[in-house]
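Here's protein-v2.txt, which has compact mmCIF, C-alpha atoms:
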# COMPACT_ATOMS: atom_id res chain seq x y z
CA MET A 15 0.00 0.00 0.00
CA ALA A 16 1.50 3.24 -1.05
CA ARG A 17 -0.84 6.03 -0.28
CA ALA A 18 -0.35 9.78 -0.21
CA VAL A 19 -2.72 12.52 0.85
CA VAL A 20 -2.36 16.12 -0.34
CA THR A 21 -4.32 19.08 0.93
CA VAL A 22 -4.52 22.13 -1.33
CA PRO A 23 -7.02 24.96 -0.91
CA PRO A 24 -9.49 24.45 -3.81
CA ARG A 25 -9.64 28.17 -4.61
CA ALA A 26 -7.43 31.17 -3.94
CA ARG A 27 -7.06 34.83 -4.90
CA ARG A 28 -4.38 35.70 -7.45
CA GLY A 29 -1.12 36.44 -5.65
CA GLU A 30 -2.26 34.80 -2.42
CA ILE A 31 0.20 32.64 -0.49
CA VAL A 32 -1.37 29.19 -0.10
CA GLU A 33 -0.29 26.41 2.24
CA ILE A 34 0.02 22.90 0.85
CA LYS A 35 0.21 19.85 3.10
CA THR A 36 1.32 16.41 1.97
CA LEU A 37 1.41 13.15 3.87
CA ALA A 38 2.99 10.05 2.32
CA GLN A 39 2.54 6.56 3.69
CA HIS A 40 6.02 5.12 4.10
CA PRO A 41 7.91 3.24 6.85
CA MET A 42 11.17 5.25 6.34
CA GLU A 43 13.30 2.32 7.47
CA THR A 44 16.69 3.85 8.27
CA GLY A 45 18.99 0.99 7.29
CA PHE A 46 20.72 1.19 10.68
CA ARG A 47 18.38 -1.04 12.65
CA ARG A 48 18.87 -4.75 13.23
CA THR A 49 16.45 -7.60 13.79
CA GLN A 50 16.43 -9.56 17.04
CA THR A 51 18.83 -12.05 15.43
CA GLY A 52 21.26 -9.30 14.45
CA GLU A 53 20.66 -8.99 10.72
CA LEU A 54 20.64 -5.49 9.31
CA ILE A 55 17.23 -4.33 8.09
CA PRO A 56 17.88 -2.88 4.62
CA ARG A 57 17.29 0.78 4.13
CA ASP A 58 13.91 1.70 2.64
CA ILE A 59 13.28 5.43 2.53
CA ILE A 60 11.79 8.10 0.29
CA ARG A 61 14.68 9.95 -1.40
CA THR A 62 13.03 12.86 -3.15
CA PHE A 63 9.83 14.85 -3.18
CA ARG A 64 8.85 17.28 -5.92
CA CYS A 65 5.90 19.56 -6.47
CA SER A 66 5.15 21.20 -9.81
CA TYR A 67 2.60 23.92 -10.44
CA ASN A 68 1.39 23.82 -14.05
CA GLY A 69 4.63 22.11 -15.02
CA THR A 70 6.96 24.46 -13.12
CA GLU A 71 8.79 23.06 -10.13
CA VAL A 72 7.86 25.10 -7.06
CA PHE A 73 9.17 22.88 -4.25
CA ARG A 74 11.69 20.06 -3.94
CA ALA A 75 13.03 18.17 -0.95
CA GLU A 76 15.63 15.50 -0.38
CA LEU A 77 14.82 13.01 2.35
CA HIS A 78 17.32 11.10 4.45
CA PRO A 79 17.35 8.39 7.13
CA ALA A 80 16.10 9.69 10.51
CA ILE A 81 13.14 11.43 8.92
CA ALA A 82 10.04 10.03 10.59
CA ALA A 83 7.78 7.42 9.05
CA ASN A 84 4.85 8.77 7.01
CA PRO A 85 6.63 12.09 6.38
CA LEU A 86 4.51 15.21 6.51
CA ILE A 87 5.78 17.93 4.19
CA ALA A 88 4.04 21.32 4.31
CA PHE A 89 5.10 24.32 2.28
CA THR A 90 3.70 27.44 0.67
CA THR A 91 3.53 28.77 -2.85
CA VAL A 92 2.00 31.80 -4.53
CA ALA A 93 -1.27 31.19 -6.35
CA THR A 94 -0.54 32.53 -9.83
CA GLU A 95 -3.08 30.90 -12.12
CA SER A 96 -5.71 28.16 -12.17
CA GLY A 97 -4.41 24.72 -12.95
CA THR A 98 -2.98 21.62 -11.34
CA LEU A 99 -0.35 20.91 -8.77
CA SER A 100 1.41 17.61 -9.23
CA PHE A 101 3.31 15.84 -6.48
CA GLU A 102 5.87 13.09 -6.86
CA TRP A 103 7.61 11.01 -4.23
CA ALA A 104 10.42 8.62 -5.21
CA GLY A 105 12.53 6.33 -3.10
CA ASP A 106 14.27 3.01 -2.51
CA ASN A 107 13.00 -0.27 -3.97
CA GLY A 108 11.30 1.43 -6.88
CA TYR A 109 8.90 3.41 -4.71
CA THR A 110 7.11 6.14 -6.66
CA VAL A 111 3.80 7.79 -5.91
CA THR A 112 2.21 10.66 -7.80
CA GLU A 113 -0.77 12.75 -6.85
CA ILE A 114 -2.42 15.72 -8.50
CA ALA A 115 -4.66 18.44 -7.10
CA ALA A 116 -6.57 21.23 -8.82
CA ILE A 117 -6.51 24.85 -7.75
CA LYS A 118 -8.79 27.61 -8.99
CA VAL A 119 -7.34 31.13 -8.91
CA GLU A 120 -9.69 34.10 -9.15
CA MET C 117 -3.84 14.13 70.54
CA SER C 118 -0.37 15.59 70.40
CA LEU C 119 0.63 18.17 67.83
CA ARG C 120 2.95 15.66 66.20
CA LEU C 121 0.12 13.18 65.60
CA LEU C 122 -2.08 15.93 64.23
CA LEU C 123 0.65 16.93 61.78
CA LEU C 124 1.11 13.33 60.74
CA ALA C 125 -2.62 12.98 60.11
CA ALA C 126 -2.59 16.17 58.07
CA CYS C 127 0.26 14.82 55.93
CA PHE C 128 -1.63 11.62 55.21
CA ALA C 129 -4.75 13.56 54.36
CA GLY C 130 -2.70 15.57 51.87
CA ALA C 131 -1.17 12.46 50.34
CA SER C 132 -4.44 10.58 50.09
CA ALA C 133 -6.14 13.45 48.25
CA ARG C 134 -4.99 11.74 45.07
CA ALA C 135 -5.75 8.14 46.07
CA GLY C 136 -8.71 6.26 44.70
CA GLU C 137 -10.72 6.77 41.56
CA ILE C 138 -10.47 10.07 39.71
CA PRO C 139 -13.66 12.16 40.15
CA PRO C 140 -15.50 12.50 36.81
CA ASP C 141 -14.95 16.26 36.58
CA GLN C 142 -11.18 15.84 36.98
CA ARG C 143 -10.73 13.30 34.21
CA ARG C 144 -8.48 14.43 31.38
CA SER C 145 -7.64 12.90 28.03
CA GLY C 146 -3.93 12.35 27.35
CA TYR C 147 -4.45 14.92 24.59
CA GLU C 148 -4.38 17.69 27.17
CA THR C 149 -0.86 16.90 28.39
CA MET C 150 0.60 16.71 24.89
CA SER C 151 2.80 19.41 23.41
CA ARG C 152 1.18 22.02 21.20
CA GLU C 153 2.93 20.51 18.15
CA THR C 154 1.62 16.98 18.77
CA ARG C 155 -1.89 18.33 19.35
CA ALA C 156 -1.66 20.16 16.03
CA ILE C 157 -0.86 16.89 14.23
CA GLN C 158 -3.97 15.27 15.71
CA ASP C 159 -6.25 18.27 15.19
CA ASP C 160 -5.87 18.32 11.41
CA ASP C 161 -6.84 15.22 9.43
CA ALA C 162 -4.51 16.46 6.68
CA THR C 163 -1.54 15.95 9.02
CA ASN C 164 -2.71 13.05 11.20
CA PRO C 165 -0.85 9.96 9.94
CA GLY C 166 -3.57 7.77 11.47
CA MET C 167 -5.82 8.93 8.66
CA LEU C 168 -3.67 7.01 6.15
CA SER C 169 -4.73 3.81 7.93
CA VAL C 170 -8.34 4.97 7.98
CA LEU C 171 -8.19 5.25 4.18
CA ASP C 172 -6.69 1.75 3.99
CA GLY C 173 -9.46 0.55 6.29
CA GLU C 174 -12.13 2.07 4.10
CA ALA C 175 -10.72 0.24 1.07
CA LEU C 176 -10.62 -3.07 3.00
CA TRP C 177 -14.16 -2.47 4.27
CA LYS C 178 -15.46 -2.31 0.71
CA ARG C 179 -13.36 -5.19 -0.66
CA LYS C 180 -15.05 -8.54 -1.14
CA ALA C 181 -13.08 -11.28 0.59
CA GLY C 182 -13.12 -14.87 1.78
CA ALA C 183 -15.00 -17.94 0.59
CA ALA C 184 -18.28 -16.07 1.08
CA ASP C 185 -17.03 -13.35 -1.30
CA ARG C 186 -18.61 -10.69 0.84
CA ALA C 187 -17.42 -7.25 1.89
CA CYS C 188 -18.02 -5.71 5.32
CA ALA C 189 -19.96 -2.99 3.51
CA ASP C 190 -22.41 -5.56 2.05
CA CYS C 191 -23.93 -6.11 5.52
CA HIS C 192 -22.96 -3.02 7.52
CA LYS C 193 -23.82 0.55 6.69
CA SER C 194 -22.95 3.13 9.34
CA MET C 195 -20.75 2.00 12.24
CA LYS C 196 -21.39 5.20 14.16
CA GLY C 197 -21.19 4.65 17.90
CA VAL C 198 -19.94 1.07 17.66
CA ALA C 199 -16.38 1.69 18.84
CA ALA C 200 -17.73 3.63 21.85
CA ARG C 201 -19.41 0.52 23.30
CA TYR C 202 -16.58 -2.00 23.01
CA PRO C 203 -15.50 -4.29 24.66
CA ALA C 204 -19.04 -5.70 24.39
CA PHE C 205 -20.54 -8.99 25.51
CA ASP C 206 -20.42 -11.78 22.94
CA PRO C 207 -23.03 -14.48 23.72
CA ALA C 208 -21.13 -17.11 21.71
CA ARG C 209 -17.98 -16.75 23.81
CA GLY C 210 -19.83 -15.92 27.02
CA ARG C 211 -17.55 -12.97 27.69
CA PRO C 212 -16.74 -9.48 26.44
CA VAL C 213 -14.75 -9.14 23.22
CA THR C 214 -12.76 -6.20 21.91
CA LEU C 215 -13.53 -4.40 18.67
CA GLU C 216 -10.55 -6.17 17.07
CA GLN C 217 -11.91 -9.56 18.16
CA ARG C 218 -15.36 -8.66 16.89
CA ILE C 219 -13.98 -7.66 13.48
CA ASN C 220 -11.95 -10.88 13.29
CA GLY C 221 -15.00 -12.90 14.36
CA CYS C 222 -16.97 -11.41 11.50
CA ILE C 223 -14.14 -12.08 9.04
CA VAL C 224 -13.93 -15.75 10.05
CA GLU C 225 -17.66 -16.51 10.43
CA ARG C 226 -19.27 -14.32 7.78
CA GLN C 227 -16.57 -13.76 5.17
CA LYS C 228 -15.10 -17.25 5.72
CA ALA C 229 -11.64 -15.75 5.48
CA PRO C 230 -8.60 -16.36 7.72
CA ALA C 231 -8.45 -14.15 10.81
CA LEU C 232 -6.14 -11.14 10.67
CA ALA C 233 -3.14 -11.14 12.98
CA TYR C 234 -3.18 -8.81 15.99
CA GLU C 235 -1.39 -5.52 15.20
CA SER C 236 -1.37 -6.34 11.48
CA LYS C 237 -1.76 -3.30 9.25
CA GLU C 238 -5.07 -4.67 7.98
CA LEU C 239 -6.68 -5.24 11.38
CA LEU C 240 -5.52 -1.85 12.67
CA ALA C 241 -6.79 -0.18 9.50
CA LEU C 242 -10.26 -1.73 9.81
CA THR C 243 -10.40 -0.86 13.51
CA ALA C 244 -9.34 2.72 12.79
CA TYR C 245 -11.99 3.03 10.06
CA VAL C 246 -14.70 1.82 12.44
CA ALA C 247 -13.40 3.88 15.37
CA LEU C 248 -13.31 7.10 13.35
CA GLN C 249 -17.06 6.85 12.86
CA SER C 250 -17.52 7.25 16.63
CA ARG C 251 -15.26 10.29 16.90
CA GLY C 252 -16.75 12.85 19.27
CA LEU C 253 -19.23 10.40 20.81
CA PRO C 254 -19.14 9.58 24.53
CA ILE C 255 -17.57 6.29 25.59
CA ALA C 256 -20.39 4.04 26.80
CA PRO C 257 -19.61 0.35 27.38
CA ARG C 258 -22.71 -1.54 28.50
CA ILE C 259 -22.38 -2.73 32.08
CA ASP C 260 -25.06 -5.22 33.13
CA ALA C 261 -25.32 -8.53 34.95
CA LYS C 262 -23.45 -10.29 32.16
CA THR C 263 -20.50 -7.91 31.87
CA ARG C 264 -20.17 -6.84 35.51
CA PRO C 265 -18.01 -9.82 36.61
CA PHE C 266 -15.52 -9.00 33.83
CA LEU C 267 -15.53 -5.32 34.78
CA GLU C 268 -14.71 -6.31 38.36
CA ALA C 269 -11.91 -8.61 37.13
CA GLY C 270 -10.52 -5.68 35.14
CA ARG C 271 -10.78 -3.38 38.16
CA GLU C 272 -8.90 -5.94 40.23
CA ALA C 273 -6.16 -6.20 37.58
CA PHE C 274 -5.87 -2.39 37.51
CA HIS C 275 -5.30 -2.24 41.25
CA ARG C 276 -3.10 -5.34 41.57
CA ARG C 277 0.58 -4.77 42.22
CA GLN C 278 2.63 -6.85 39.81
CA GLY C 279 6.00 -7.28 38.16
CA GLN C 280 9.50 -6.90 39.53
CA LEU C 281 8.82 -3.22 40.18
CA ASN C 282 5.73 -4.24 42.18
CA LEU C 283 3.53 -1.50 40.75
CA SER C 284 -0.16 -1.40 39.93
CA CYS C 285 -1.74 0.62 37.13
CA ALA C 286 -3.59 2.66 39.77
CA LEU C 287 -0.39 3.77 41.54
CA CYS C 288 0.58 5.86 38.51
CA HIS C 289 -2.64 6.57 36.66
CA ASP C 290 -5.03 7.14 39.58
CA ASP C 291 -2.68 8.43 42.26
CA ASN C 292 0.11 10.26 40.45
CA TRP C 293 -1.24 11.52 37.14
CA GLY C 294 0.05 14.93 36.13
CA ARG C 295 3.41 14.29 37.78
CA HIS C 296 6.43 13.25 35.76
CA LEU C 297 8.12 9.93 35.17
CA ALA C 298 11.54 10.28 33.53
CA GLY C 299 10.54 13.65 32.13
CA SER C 300 7.26 12.49 30.61
CA PRO C 301 3.95 13.52 32.14
CA ILE C 302 1.98 10.61 33.63
CA PRO C 303 -1.42 10.56 31.91
CA GLN C 304 -4.59 9.35 33.56
CA GLY C 305 -4.63 6.51 31.09
CA HIS C 306 -8.02 6.91 29.45
CA PRO C 307 -8.37 4.93 26.21
CA THR C 308 -10.04 7.75 24.30
CA GLY C 309 -8.20 7.54 21.01
CA TYR C 310 -7.45 3.94 20.08
CA PRO C 311 -6.10 2.79 17.75
CA ILE C 312 -3.51 5.54 18.25
CA TYR C 313 -0.70 6.73 16.04
CA ARG C 314 2.15 6.81 18.52
CA LEU C 315 5.15 8.83 17.43
CA GLU C 316 7.43 6.54 19.43
CA TRP C 317 6.10 3.54 17.49
CA GLN C 318 6.13 5.36 14.17
CA SER C 319 2.90 3.51 13.43
CA LEU C 320 -0.64 2.86 14.50
CA GLY C 321 -1.15 0.53 17.47
CA SER C 322 -3.95 -0.90 19.56
CA LEU C 323 -4.81 -0.41 23.22
CA GLU C 324 -3.52 -3.93 23.89
CA ARG C 325 -0.13 -3.00 22.45
CA ARG C 326 -0.07 -0.01 24.80
CA LEU C 327 -1.09 -2.12 27.81
CA ARG C 328 1.54 -4.77 27.05
CA ASN C 329 4.06 -1.94 26.67
CA CYS C 330 3.22 -0.66 30.17
CA LEU C 331 3.24 -4.16 31.70
CA PHE C 332 6.64 -4.85 30.15
CA GLY C 333 7.83 -1.57 31.64
CA ILE C 334 6.99 -2.66 35.17
CA ARG C 335 8.62 -6.01 34.36
CA ALA C 336 5.46 -8.02 34.79
CA GLN C 337 4.54 -11.12 32.84
CA VAL C 338 2.99 -9.75 29.66
CA PRO C 339 -0.32 -11.40 28.68
CA GLY C 340 -0.82 -12.29 25.02
CA PHE C 341 -2.92 -10.30 22.58
CA GLY C 342 -6.61 -11.03 23.04
CA SER C 343 -6.07 -12.72 26.42
CA ASP C 344 -8.94 -12.55 28.90
CA GLU C 345 -6.88 -10.46 31.31
CA LEU C 346 -6.21 -7.72 28.74
CA VAL C 347 -9.83 -7.67 27.54
CA ASP C 348 -11.13 -7.34 31.12
CA LEU C 349 -8.66 -4.53 31.75
CA GLU C 350 -9.83 -2.81 28.55
CA LEU C 351 -13.44 -3.08 29.70
CA TYR C 352 -12.54 -1.51 33.05
CA LEU C 353 -10.58 1.28 31.35
CA MET C 354 -13.47 2.08 29.01
CA TRP C 355 -15.89 2.10 31.96
CA ARG C 356 -13.45 4.33 33.85
CA ALA C 357 -13.50 6.72 30.84
CA ARG C 358 -17.28 6.51 30.37
CA GLY C 359 -18.74 9.73 29.05
CA MET C 360 -15.42 11.01 27.71
CA LYS C 361 -15.33 11.68 24.00
CA LEU C 362 -13.67 9.35 21.52
CA GLU C 363 -10.93 11.00 19.46
CA ALA C 364 -9.74 8.09 17.32
CA PRO C 365 -7.36 7.85 15.59
CA ALA C 366 -5.50 9.94 18.16
CA VAL C 367 -1.84 10.95 17.98
CA ARG C 368 0.31 10.41 21.05
CA PRO C 369 4.02 11.09 21.71
Could you quickly redo this structure as structure tokens?
Amino acid sequence: MARAVVTVPPRARRGEIVEIKTLAQHPMETGFRRTQTGELIPRDIIRTFRCSYNGTEVFRAELHPAIAANPLIAFTTVATESGTLSFEWAGDNGYTVTEIAAIKVE
Amino acid sequence: MSLRLLLLAACFAGASARAGEIPPDQRRSGYETMSRETRAIQDDDATNPGMLSVLDGEALWKRKAGAADRACADCHKSMKGVAARYPAFDPARGRPVTLEQRINGCIVERQKAPALAYESKELLALTAYVALQSRGLPIAPRIDAKTRPFLEAGREAFHRRQGQLNLSCALCHDDNWGRHLAGSPIPQGHPTGYPIYRLEWQSLGSLERRLRNCLFGIRAQVPGFGSDELVDLELYLMWRARGMKLEAPAVRP
């Protein structure tokens, strides 16, 4: 199960600063932990997060071990025009999730 | 009576102000002792990681499964208020069962599918989905002639000293709530938000996981998931929190 939830205000005034919240379902296994029998648990984390607004990148983050499971990333952008925000998470073991959200600018 | 005896009596009166059951108007959810940041995570469904499991639970609820090829949603519509009355008496077993046991019972008997493991993602997700539908409702387990003996067994377990540290639940959660243990505030221990997303666990977990956690901490023998002792204790804790509002899936530090 690879689920992500994004929260974008559905409408905004032109030039308004809007807050975007994203929550991705991921264990963020650090790669430093061991099982009870001593074997290393392989690393399994999200490496990158990107957000594009009508095709233009407006936010990017690199993620590392020691970031909590199910990372919450919140950021702001300026509402310039109506369109779509697309979100992309990518990580170890071929993990990729994409989400899109519409925003209406008046 | 000498002055010394009077002083001694006054000291005991002061100490015993906190002994015994917490008066209803002084009961507090663990939410109230959390940091502002942790409360903010719980307050907004857009940031509460427990909601990811609720979405998983909703998908499982609607999925046809088992030899009967039936989904939970085929029989059940709204589950509003259900989580607020568990543990509830199950006539077939002749004793109270938890919400997790009830869900598993339905999966085995009605869906004809294998039971889900305790603390599995699937069972926690289904429980969270059902529990969310009772959010804001008062906790109200039914106490009658059939459930009372189990409530009393739970009350006894709550007050029994056990483990190498020789502590009872009541010593911390009735008598010393609000004080600190290794820097963390001692909560009153009301199960208002289960299953909870615990930041320490980095995942969702059930009340039984939390109870086993506490019992391990006092170095007592830890009963297994779904054991009678844990279910009775859960029933007592829900009765002790009766009337308080459910806040599942809650976030805790």
Could the residues of chain A within 7 Å of chain C, counting all atoms listed in the file, be given as a PDB file with C-alpha atoms, keeping the file's coordinate frame, please?
ATOM      1  CA  THR A  21      -4.320  19.080   0.930  1.00  0.00           C
ATOM      2  CA  LYS A  35       0.210  19.850   3.100  1.00  0.00           C
ATOM      3  CA  LEU A  37       1.410  13.150   3.870  1.00  0.00           C
ATOM      4  CA  GLN A  39       2.540   6.560   3.690  1.00  0.00           C
ATOM      5  CA  ALA A  83       7.780   7.420   9.050  1.00  0.00           C
ATOM      6  CA  ASN A  84       4.850   8.770   7.010  1.00  0.00           C
ATOM      7  CA  LEU A  86       4.510  15.210   6.510  1.00  0.00           C
TER       8      LEU A  86
END
- Message: When you look at Glu268 in chain C with a cut-off of 12 Å (counting all atoms listed in the file), what residues show up, excluding the ones that are within fewer than 5 positions of it in the same chain? I need them as an NGL selection string.
- Response: :C and (259-263 or 273-275 or 345 or 347-353 or 355-356)
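For the pair CA of Tyr313 in chain C and CA of Met354 in chain C, the separation is 18.8 Å.
Going from CA of Asn107 in chain A over to CA of Thr51 in chain A, you cover 23.4 Å.
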- Query: Any idea what's packed within 10 Å of Ala26 in chain A, counting all atoms listed in the file, ignoring anything in its chain fewer than 3 positions away? Could you give it as a ChimeraX atom specification?
  - Reply: /A:22-23,29-32,92-96,117-120
Preceding selection exported with C-alpha atoms as an mmCIF file, in the frame of the given file:
data_model
loop_
_atom_site.group_PDB
_atom_site.id
_atom_site.type_symbol
_atom_site.label_atom_id
_atom_site.label_comp_id
_atom_site.auth_asym_id
_atom_site.auth_seq_id
_atom_site.Cartn_x
_atom_site.Cartn_y
_atom_site.Cartn_z
ATOM 1 C CA VAL A 22 -4.520 22.130 -1.330
ATOM 2 C CA PRO A 23 -7.020 24.960 -0.910
ATOM 3 C CA GLY A 29 -1.120 36.440 -5.650
ATOM 4 C CA GLU A 30 -2.260 34.800 -2.420
ATOM 5 C CA ILE A 31 0.200 32.640 -0.490
ATOM 6 C CA VAL A 32 -1.370 29.190 -0.100
ATOM 7 C CA VAL A 92 2.000 31.800 -4.530
ATOM 8 C CA ALA A 93 -1.270 31.190 -6.350
ATOM 9 C CA THR A 94 -0.540 32.530 -9.830
ATOM 10 C CA GLU A 95 -3.080 30.900 -12.120
ATOM 11 C CA SER A 96 -5.710 28.160 -12.170
ATOM 12 C CA ILE A 117 -6.510 24.850 -7.750
ATOM 13 C CA LYS A 118 -8.790 27.610 -8.990
ATOM 14 C CA VAL A 119 -7.340 31.130 -8.910
ATOM 15 C CA GLU A 120 -9.690 34.100 -9.150
#
